[in-house]
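query-v6.cif follows; it contains mmCIF, C-alpha atoms.
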```cif
data_my_file
loop_
_atom_site.group_PDB
_atom_site.id
_atom_site.type_symbol
_atom_site.label_atom_id
_atom_site.label_comp_id
_atom_site.auth_asym_id
_atom_site.auth_seq_id
_atom_site.Cartn_x
_atom_site.Cartn_y
_atom_site.Cartn_z
ATOM 1 C CA MET A 124 20.385 -1.112 15.372
ATOM 2 C CA ALA A 125 21.891 1.213 12.764
ATOM 3 C CA LYS A 126 25.679 1.298 12.860
ATOM 4 C CA TYR A 127 26.516 4.729 11.448
ATOM 5 C CA ARG A 128 23.292 6.727 11.648
ATOM 6 C CA HIS A 129 24.736 9.261 14.081
ATOM 7 C CA ALA A 130 28.263 9.382 12.632
ATOM 8 C CA LEU A 131 28.294 8.732 8.895
ATOM 9 C CA PRO A 132 31.855 7.942 7.778
ATOM 10 C CA GLN A 133 31.461 9.633 4.390
ATOM 11 C CA MET A 134 31.057 12.902 6.294
ATOM 12 C CA GLN A 135 34.326 12.551 8.202
ATOM 13 C CA GLY A 136 36.532 13.868 5.392
ATOM 14 C CA SER A 137 36.924 13.993 1.637
ATOM 15 C CA SER A 138 38.007 10.404 1.030
ATOM 16 C CA VAL A 139 36.304 8.701 -1.887
ATOM 17 C CA PHE A 140 33.286 6.502 -1.204
ATOM 18 C CA LEU A 141 32.012 4.386 -4.071
ATOM 19 C CA SER A 142 28.449 3.324 -4.729
ATOM 20 C CA ASP A 143 26.914 1.037 -7.330
ATOM 21 C CA GLY A 144 25.855 1.754 -10.891
ATOM 22 C CA GLY A 145 22.616 1.475 -12.820
ATOM 23 C CA MET A 146 20.946 -1.328 -10.927
ATOM 24 C CA GLU A 147 17.817 -1.660 -13.010
ATOM 25 C CA THR A 148 19.490 -1.298 -16.421
ATOM 26 C CA THR A 149 22.134 -3.848 -15.407
ATOM 27 C CA LEU A 150 19.589 -6.379 -14.179
ATOM 28 C CA ILE A 151 17.404 -5.971 -17.268
ATOM 29 C CA PHE A 152 19.951 -5.677 -20.088
ATOM 30 C CA HIS A 153 22.874 -7.684 -18.713
ATOM 31 C CA ASP A 154 21.162 -10.268 -16.516
ATOM 32 C CA GLY A 155 18.070 -10.641 -18.706
ATOM 33 C CA LEU A 156 15.624 -10.180 -15.836
ATOM 34 C CA GLU A 157 12.126 -8.764 -16.067
ATOM 35 C CA LEU A 158 11.567 -5.836 -13.724
ATOM 36 C CA PRO A 159 7.952 -4.671 -13.984
ATOM 37 C CA HIS A 160 7.775 -0.887 -13.787
ATOM 38 C CA PHE A 161 11.579 -0.820 -13.387
ATOM 39 C CA ALA A 162 11.154 -2.119 -9.829
ATOM 40 C CA SER A 163 14.152 -4.079 -8.590
ATOM 41 C CA PHE A 164 12.632 -4.579 -5.140
ATOM 42 C CA THR A 165 10.381 -7.272 -6.612
ATOM 43 C CA LEU A 166 13.457 -9.544 -6.753
ATOM 44 C CA LEU A 167 13.485 -9.686 -2.949
ATOM 45 C CA ALA A 168 10.400 -11.910 -3.036
ATOM 46 C CA SER A 169 12.353 -14.974 -4.185
ATOM 47 C CA GLU A 170 15.622 -16.668 -3.303
ATOM 48 C CA GLU A 171 16.642 -16.576 -6.951
ATOM 49 C CA GLY A 172 15.973 -12.838 -7.077
ATOM 50 C CA ARG A 173 18.003 -12.279 -3.931
ATOM 51 C CA LYS A 174 20.918 -14.167 -5.470
ATOM 52 C CA HIS A 175 20.840 -11.828 -8.464
ATOM 53 C CA LEU A 176 20.913 -8.784 -6.194
ATOM 54 C CA ILE A 177 23.743 -10.182 -4.074
ATOM 55 C CA ALA A 178 25.820 -10.959 -7.170
ATOM 56 C CA TYR A 179 25.120 -7.448 -8.440
ATOM 57 C CA TYR A 180 26.285 -5.726 -5.246
ATOM 58 C CA GLU A 181 29.314 -7.948 -4.744
ATOM 59 C CA LYS A 182 30.893 -6.873 -8.028
ATOM 60 C CA TYR A 183 31.017 -3.315 -6.707
ATOM 61 C CA LEU A 184 32.045 -4.274 -3.184
ATOM 62 C CA ALA A 185 35.005 -6.169 -4.612
ATOM 63 C CA ILE A 186 36.150 -3.013 -6.424
ATOM 64 C CA ALA A 187 35.909 -0.909 -3.259
ATOM 65 C CA GLN A 188 37.651 -3.541 -1.149
ATOM 66 C CA GLY A 189 40.459 -3.866 -3.664
ATOM 67 C CA ARG A 190 41.002 -0.102 -3.589
ATOM 68 C CA GLY A 191 40.579 0.360 0.152
ATOM 69 C CA VAL A 192 37.762 2.897 -0.109
ATOM 70 C CA GLY A 193 34.399 3.154 1.588
ATOM 71 C CA PHE A 194 31.107 2.138 0.032
ATOM 72 C CA VAL A 195 27.542 3.442 0.193
ATOM 73 C CA LEU A 196 25.146 0.506 -0.157
ATOM 74 C CA ASP A 197 21.885 1.827 -1.617
ATOM 75 C CA SER A 198 18.910 -0.488 -1.216
ATOM 76 C CA ALA A 199 16.880 -1.931 -4.094
ATOM 77 C CA SER A 200 13.906 0.209 -3.076
ATOM 78 C CA TRP A 201 13.847 3.104 -5.537
ATOM 79 C CA ARG A 202 10.334 2.089 -6.664
ATOM 80 C CA ALA A 203 9.149 0.778 -3.273
ATOM 81 C CA ASN A 204 6.728 3.601 -2.496
ATOM 82 C CA PRO A 205 2.909 3.445 -2.286
ATOM 83 C CA ASP A 206 1.890 4.427 -5.833
ATOM 84 C CA TRP A 207 4.353 2.098 -7.542
ATOM 85 C CA GLY A 208 3.547 -0.591 -4.993
ATOM 86 C CA THR A 209 -0.124 -0.412 -5.959
ATOM 87 C CA LYS A 210 0.775 -0.883 -9.629
ATOM 88 C CA LEU A 211 2.723 -3.989 -8.628
ATOM 89 C CA ASP A 212 -0.045 -5.368 -6.370
ATOM 90 C CA TYR A 213 1.884 -4.698 -3.156
ATOM 91 C CA ASP A 214 -0.349 -3.544 -0.327
ATOM 92 C CA ALA A 215 1.026 -1.478 2.559
ATOM 93 C CA LYS A 216 2.059 -4.543 4.568
ATOM 94 C CA ALA A 217 3.843 -6.188 1.644
ATOM 95 C CA LEU A 218 5.555 -2.937 0.696
ATOM 96 C CA LYS A 219 6.861 -2.438 4.217
ATOM 97 C CA ALA A 220 8.166 -6.004 4.232
ATOM 98 C CA ALA A 221 9.953 -5.402 0.917
ATOM 99 C CA ASN A 222 11.605 -2.213 2.180
ATOM 100 C CA LEU A 223 12.767 -3.978 5.330
ATOM 101 C CA ALA A 224 14.023 -6.929 3.291
ATOM 102 C CA SER A 225 16.044 -4.593 1.087
ATOM 103 C CA ILE A 226 17.891 -3.314 4.174
ATOM 104 C CA THR A 227 18.316 -6.790 5.672
ATOM 105 C CA LEU A 228 20.058 -7.916 2.488
ATOM 106 C CA LEU A 229 22.478 -4.995 2.737
ATOM 107 C CA SER A 230 23.124 -5.713 6.421
ATOM 108 C CA GLU A 231 24.104 -9.256 5.513
ATOM 109 C CA LEU A 232 26.416 -7.976 2.788
ATOM 110 C CA ARG A 233 28.037 -5.538 5.202
ATOM 111 C CA GLU A 234 28.680 -8.335 7.670
ATOM 112 C CA ARG A 235 30.579 -10.257 4.992
ATOM 113 C CA TRP A 236 32.410 -7.444 3.247
ATOM 114 C CA GLU A 237 33.137 -4.546 5.587
ATOM 115 C CA THR A 238 36.745 -3.978 6.670
ATOM 116 C CA PRO A 239 38.410 -1.186 8.654
ATOM 117 C CA SER A 240 39.553 0.401 5.374
ATOM 118 C CA MET A 241 36.153 -0.082 3.719
ATOM 119 C CA PRO A 242 33.296 1.178 5.901
ATOM 120 C CA CYS A 243 29.945 0.268 4.354
ATOM 121 C CA VAL A 244 27.083 2.716 4.869
ATOM 122 C CA ILE A 245 23.555 1.336 4.438
ATOM 123 C CA SER A 246 21.297 3.782 2.643
ATOM 124 C CA GLY A 247 17.564 3.390 2.117
ATOM 125 C CA ALA A 248 17.000 4.472 -1.490
ATOM 126 C CA ILE A 249 13.926 6.573 -2.250
ATOM 127 C CA GLY A 250 12.617 7.430 -5.700
ATOM 128 C CA PRO A 251 10.167 10.075 -6.862
ATOM 129 C CA ARG A 252 6.468 9.424 -6.529
ATOM 130 C CA GLY A 253 6.107 9.523 -10.308
ATOM 131 C CA ASP A 254 8.394 9.062 -13.276
ATOM 132 C CA GLY A 255 11.935 10.258 -12.590
ATOM 133 C CA TYR A 256 12.091 11.843 -16.042
ATOM 134 C CA LYS A 257 8.966 13.966 -15.510
ATOM 135 C CA GLU A 258 8.293 16.840 -13.163
ATOM 136 C CA GLY A 259 6.382 15.922 -10.018
ATOM 137 C CA ARG A 260 3.337 17.978 -9.088
ATOM 138 C CA MET A 261 3.128 17.507 -5.332
ATOM 139 C CA ALA A 262 3.061 20.264 -2.779
ATOM 140 C CA ARG A 263 5.719 19.940 -0.100
ATOM 141 C CA ASP A 264 3.272 18.914 2.640
ATOM 142 C CA GLU A 265 1.784 16.246 0.391
ATOM 143 C CA ALA A 266 5.262 14.992 -0.475
ATOM 144 C CA GLU A 267 6.242 14.865 3.187
ATOM 145 C CA ALA A 268 3.186 12.772 4.086
ATOM 146 C CA TYR A 269 3.627 10.500 1.068
ATOM 147 C CA HIS A 270 7.309 9.703 1.537
ATOM 148 C CA SER A 271 7.038 9.457 5.329
ATOM 149 C CA VAL A 272 5.653 5.938 4.882
ATOM 150 C CA GLN A 273 8.858 4.599 3.349
ATOM 151 C CA ILE A 274 11.171 6.713 5.514
ATOM 152 C CA ALA A 275 9.449 5.525 8.697
ATOM 153 C CA THR A 276 10.124 1.942 7.630
ATOM 154 C CA PHE A 277 13.797 2.684 7.062
ATOM 155 C CA ALA A 278 13.960 4.384 10.466
ATOM 156 C CA GLU A 279 12.897 1.064 12.043
ATOM 157 C CA SER A 280 15.654 -0.814 10.223
ATOM 158 C CA GLN A 281 19.446 -0.915 10.239
ATOM 159 C CA ALA A 282 19.587 1.784 7.559
ATOM 160 C CA ASP A 283 22.113 4.458 8.430
ATOM 161 C CA MET A 284 20.483 7.073 6.216
ATOM 162 C CA VAL A 285 18.059 7.633 3.351
ATOM 163 C CA ALA A 286 18.859 8.978 -0.111
ATOM 164 C CA ALA A 287 16.316 10.288 -2.596
ATOM 165 C CA TYR A 288 17.371 9.860 -6.222
ATOM 166 C CA THR A 289 16.307 11.180 -9.616
ATOM 167 C CA LEU A 290 14.324 14.092 -8.226
ATOM 168 C CA GLY A 291 13.140 16.753 -10.635
ATOM 169 C CA SER A 292 10.839 18.589 -8.249
ATOM 170 C CA ILE A 293 12.059 21.050 -5.640
ATOM 171 C CA GLU A 294 8.797 20.723 -3.706
ATOM 172 C CA GLU A 295 9.120 16.948 -3.526
ATOM 173 C CA ALA A 296 12.714 17.340 -2.341
ATOM 174 C CA ILE A 297 11.545 19.673 0.426
ATOM 175 C CA GLY A 298 8.879 17.191 1.483
ATOM 176 C CA ILE A 299 11.332 14.295 1.596
ATOM 177 C CA SER A 300 13.846 16.369 3.551
ATOM 178 C CA ASN A 301 11.222 17.338 6.111
ATOM 179 C CA ALA A 302 10.005 13.750 6.426
ATOM 180 C CA ALA A 303 13.532 12.488 6.994
ATOM 181 C CA GLN A 304 14.130 15.163 9.616
ATOM 182 C CA ALA A 305 10.887 14.234 11.373
ATOM 183 C CA HIS A 306 12.045 10.619 11.597
ATOM 184 C CA ASP A 307 15.585 11.601 12.658
ATOM 185 C CA MET A 308 17.105 10.043 9.540
ATOM 186 C CA PRO A 309 20.141 11.578 7.815
ATOM 187 C CA CYS A 310 19.118 12.368 4.265
ATOM 188 C CA ALA A 311 20.802 12.958 0.905
ATOM 189 C CA ILE A 312 18.926 14.619 -1.942
ATOM 190 C CA SER A 313 19.947 13.844 -5.526
ATOM 191 C CA PHE A 314 18.580 15.878 -8.423
ATOM 192 C CA THR A 315 18.505 14.969 -12.091
ATOM 193 C CA VAL A 316 18.752 17.496 -14.902
ATOM 194 C CA GLU A 317 18.001 17.765 -18.588
ATOM 195 C CA THR A 318 20.605 18.261 -21.318
ATOM 196 C CA ASP A 319 20.647 22.011 -20.557
ATOM 197 C CA GLY A 320 21.801 21.358 -16.989
ATOM 198 C CA ARG A 321 18.473 22.443 -15.488
ATOM 199 C CA LEU A 322 15.696 20.591 -13.725
ATOM 200 C CA ILE A 323 12.757 19.718 -15.958
ATOM 201 C CA SER A 324 10.921 22.681 -14.398
ATOM 202 C CA GLY A 325 13.603 24.982 -15.773
ATOM 203 C CA ARG A 326 15.057 25.770 -12.345
ATOM 204 C CA SER A 327 18.822 25.626 -11.982
ATOM 205 C CA LEU A 328 20.717 23.231 -9.734
ATOM 206 C CA ARG A 329 21.825 26.223 -7.705
ATOM 207 C CA GLU A 330 18.212 27.280 -7.173
ATOM 208 C CA ALA A 331 17.214 23.732 -6.245
ATOM 209 C CA VAL A 332 19.912 23.368 -3.591
ATOM 210 C CA GLU A 333 19.488 26.852 -2.167
ATOM 211 C CA ILE A 334 15.691 26.685 -2.023
ATOM 212 C CA VAL A 335 15.641 23.276 -0.318
ATOM 213 C CA ASP A 336 18.240 24.454 2.191
ATOM 214 C CA ASP A 337 16.373 27.693 2.870
ATOM 215 C CA GLU A 338 12.991 26.007 3.257
ATOM 216 C CA THR A 339 14.200 23.124 5.455
ATOM 217 C CA GLY A 340 16.840 24.817 7.564
ATOM 218 C CA GLY A 341 19.555 22.873 5.739
ATOM 219 C CA ALA A 342 17.974 19.524 6.608
ATOM 220 C CA PRO A 343 19.666 17.422 3.890
ATOM 221 C CA LEU A 344 23.039 16.113 4.959
ATOM 222 C CA TYR A 345 24.289 16.665 1.407
ATOM 223 C CA TYR A 346 23.179 16.794 -2.209
ATOM 224 C CA MET A 347 24.056 14.712 -5.238
ATOM 225 C CA ILE A 348 23.477 14.716 -8.997
ATOM 226 C CA ASN A 349 22.334 11.559 -10.769
ATOM 227 C CA CYS A 350 20.749 10.160 -13.915
ATOM 228 C CA ALA A 351 22.423 12.594 -16.331
ATOM 229 C CA HIS A 352 25.727 12.492 -18.192
ATOM 230 C CA PRO A 353 28.463 14.916 -17.067
ATOM 231 C CA VAL A 354 28.182 16.818 -20.369
ATOM 232 C CA HIS A 355 24.657 17.715 -19.317
ATOM 233 C CA PHE A 356 25.367 19.104 -15.852
ATOM 234 C CA GLU A 357 28.988 20.256 -15.783
ATOM 235 C CA LYS A 358 27.961 23.563 -17.360
ATOM 236 C CA ALA A 359 25.668 24.187 -14.374
ATOM 237 C CA LEU A 360 28.429 23.842 -11.785
ATOM 238 C CA GLU A 361 30.085 26.951 -10.377
ATOM 239 C CA ALA A 362 33.473 26.626 -8.703
ATOM 240 C CA GLY A 363 33.814 28.649 -5.524
ATOM 241 C CA GLU A 364 30.086 29.117 -5.012
ATOM 242 C CA GLY A 365 28.758 28.330 -1.539
ATOM 243 C CA TRP A 366 26.022 25.995 -2.759
ATOM 244 C CA MET A 367 28.586 23.780 -4.462
ATOM 245 C CA LYS A 368 30.063 22.874 -1.079
ATOM 246 C CA ARG A 369 26.751 21.139 -0.332
ATOM 247 C CA VAL A 370 27.049 18.818 -3.367
ATOM 248 C CA HIS A 371 29.049 15.742 -2.361
ATOM 249 C CA GLY A 372 28.289 13.103 -4.945
ATOM 250 C CA VAL A 373 27.690 12.125 -8.551
ATOM 251 C CA ARG A 374 25.985 9.108 -10.058
ATOM 252 C CA ALA A 375 26.040 9.875 -13.758
ATOM 253 C CA ASN A 376 24.506 8.076 -16.712
ATOM 254 C CA ALA A 377 26.747 6.253 -19.168
ATOM 255 C CA SER A 378 24.893 7.735 -22.121
ATOM 256 C CA MET A 379 24.928 11.273 -23.478
ATOM 257 C CA LEU A 380 21.363 10.804 -24.733
ATOM 258 C CA SER A 381 18.544 12.929 -23.336
ATOM 259 C CA HIS A 382 15.964 11.463 -20.985
ATOM 260 C CA ALA A 383 13.410 11.430 -23.813
ATOM 261 C CA GLU A 384 15.821 9.569 -26.089
ATOM 262 C CA LEU A 385 16.617 7.044 -23.362
ATOM 263 C CA ASP A 386 12.901 6.471 -22.779
ATOM 264 C CA ASP A 387 12.411 5.676 -26.477
ATOM 265 C CA SER A 388 15.486 3.442 -26.786
ATOM 266 C CA GLU A 389 15.095 -0.335 -26.884
ATOM 267 C CA THR A 390 18.834 -0.965 -26.496
ATOM 268 C CA LEU A 391 21.281 -0.037 -23.758
ATOM 269 C CA ASP A 392 23.747 2.769 -24.444
ATOM 270 C CA GLU A 393 26.745 1.776 -22.312
ATOM 271 C CA GLY A 394 28.839 4.781 -23.292
ATOM 272 C CA ASP A 395 32.605 4.614 -22.697
ATOM 273 C CA PRO A 396 33.688 3.593 -19.160
ATOM 274 C CA ALA A 397 37.209 5.023 -19.558
ATOM 275 C CA ASP A 398 35.856 8.346 -20.828
ATOM 276 C CA LEU A 399 33.401 8.505 -17.939
ATOM 277 C CA GLY A 400 36.252 7.860 -15.505
ATOM 278 C CA ARG A 401 38.244 10.752 -16.983
ATOM 279 C CA ARG A 402 35.244 13.038 -16.711
ATOM 280 C CA TYR A 403 34.833 12.156 -13.041
ATOM 281 C CA GLN A 404 38.527 12.864 -12.528
ATOM 282 C CA VAL A 405 38.019 16.382 -13.896
ATOM 283 C CA LEU A 406 34.953 16.873 -11.714
ATOM 284 C CA ARG A 407 36.892 15.770 -8.638
ATOM 285 C CA ARG A 408 39.751 18.108 -9.492
ATOM 286 C CA ASN A 409 37.435 21.086 -9.995
ATOM 287 C CA PHE A 410 35.059 20.249 -7.156
ATOM 288 C CA PRO A 411 36.839 18.472 -4.283
ATOM 289 C CA SER A 412 33.576 18.085 -2.361
ATOM 290 C CA PHE A 413 32.511 15.457 -4.931
ATOM 291 C CA HIS A 414 33.684 12.319 -3.167
ATOM 292 C CA ILE A 415 30.698 9.923 -3.291
ATOM 293 C CA LEU A 416 30.987 8.377 -6.734
ATOM 294 C CA GLY A 417 28.836 5.864 -8.564
ATOM 295 C CA GLY A 418 26.763 5.436 -11.673
ATOM 296 C CA CYS A 419 23.191 5.486 -12.913
ATOM 297 C CA CYS A 420 21.423 4.343 -16.076
ATOM 298 C CA GLY A 421 23.604 2.301 -18.416
ATOM 299 C CA THR A 422 26.535 2.015 -16.025
ATOM 300 C CA ASP A 423 27.757 -1.197 -14.444
ATOM 301 C CA HIS A 424 30.754 -2.361 -12.420
ATOM 302 C CA ARG A 425 33.101 -1.605 -15.333
ATOM 303 C CA HIS A 426 32.174 2.080 -15.235
ATOM 304 C CA VAL A 427 32.570 2.309 -11.469
ATOM 305 C CA ALA A 428 35.937 0.523 -11.716
ATOM 306 C CA ALA A 429 37.043 3.097 -14.313
ATOM 307 C CA VAL A 430 35.860 5.944 -12.087
ATOM 308 C CA CYS A 431 37.746 4.433 -9.160
ATOM 309 C CA GLU A 432 40.901 4.010 -11.231
ATOM 310 C CA ALA A 433 40.738 7.646 -12.319
ATOM 311 C CA CYS A 434 39.790 9.205 -8.986
ATOM 312 C CA VAL A 435 41.276 7.232 -6.091
ATOM 313 C CA PRO A 436 44.644 8.641 -4.986
ATOM 314 C CA PRO A 437 47.537 6.154 -5.282
ATOM 315 C CA VAL A 438 47.885 5.951 -1.499
ATOM 316 C CA ALA A 439 44.417 4.407 -1.313
ATOM 317 C CA LEU A 440 45.412 1.579 -3.629
ATOM 318 C CA SER A 441 47.579 -0.010 -0.969
ATOM 319 C CA ALA A 442 45.109 0.517 1.900
#
```
As a first step, turn the structure in this file into structure tokens.
Amino acid sequence: MAKYRHALPQMQGSSVFLSDGGMETTLIFHDGLELPHFASFTLLASEEGRKHLIAYYEKYLAIAQGRGVGFVLDSASWRANPDWGTKLDYDAKALKAANLASITLLSELRERWETPSMPCVISGAIGPRGDGYKEGRMARDEAEAYHSVQIATFAESQADMVAAYTLGSIEEAIGISNAAQAHDMPCAISFTVETDGRLISGRSLREAVEIVDDETGGAPLYYMINCAHPVHFEKALEAGEGWMKRVHGVRANASMLSHAELDDSETLDEGDPADLGRRYQVLRRNFPSFHILGGCCGTDHRHVAAVCEACVPPVALSA
């Protein structure tokens, strides 16, 4: 049974909740693992792979525990949807088993790590049907039917919520939101933007949030921004605007490179963890609703530690 599905602790105030960093880039570039099609869920098929995932998560959990802040545990399932599963020779049964296994692993971690000062929320991570750096071309009804498969699996598990990351399509976001609502699953929607602060379609973040809210009756619990550096999206943020109150989290890239440049790069641009922490501090000061903080491509536990150091109030350090 899900522990927090009907009362998510990150919605009970503005206290900081951490999440992890760039899972796939860490596992590939730091741990030297092969992840076909950038799919970390394939590691769940072996005990050795599970050990790598556990070690990955525990670095972040130790940071949160040491600071006395909550943690959002996102599952290793960003690629675990039907089209990517087919490319990896996972049929529907195997894909469902992988999604369930990703949540079971997080449940076991929560049992070992959660404390009263560090609630751990289990989130079923959803990725776009296609490439996160390219615009999706699904209608909302098609997207709802497509993503319902994975969301229904999470609804059967101990997942407290679902979170869709690296979305560039408003229609796909609407479909995911509707699917989550149909399965009574709290849902977060996280958009990615290009270097001009806009979705790849050219729509603004404001348009994306407002359209999804209007078309779904405000179904998403909250919105996030991920897979872009703060220099890319901070220009798109508008203090005092109503839509900004719906944006509660950031999982930025370490690199200032564009998506196209990152795609072409054969090395990892780790950026500057301390600089990223300072940028998050400014974001938190300007936009207090931003309280779910983590990283994306190129970031690791060092970046999240720097973000925590810069953003967690001193009182939380002794919690």
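Distance annotation: of A:Ala162, A:Leu344, A:Ala262, A:Leu385, the residue with the minimal separation from Lys368 in chain A is A:Leu344; atom set is only C-alpha atoms.
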Taking the file as shown, what set of residues would the PyMOL selection byres ((chain A and resi 285-288) around 10) give back, as a PyMOL selection string? chain A and resi 128+197-198+201+245-251+255+270+273-274+277-278+282-284+289-291+295-296+299-300+303+308-315+343-350+374+419
Compare A:Gly193, A:Pro242, A:Pro411, A:Pro159 by their minimum atom-to-atom distance to Tyr127 in chain A, counting only C-alpha atoms, and give me the closest one. A:Pro242
Residue neighbourhood Leu232 in chain A, 10 Å, only C-alpha atoms, exclusion window fewer than 2 positions, as a VMD selection string: chain A and resid 177 180 to 181 184 196 226 to 230 234 to 237 243 245
Leaving out Ile415 in chain A and any residue of its chain fewer than 4 positions from it, which residues lie within 10 Å of it when counting all atoms listed in the file, given as a VMD selection string? chain A and resid 133 137 to 142 193 to 195 347 370 to 374
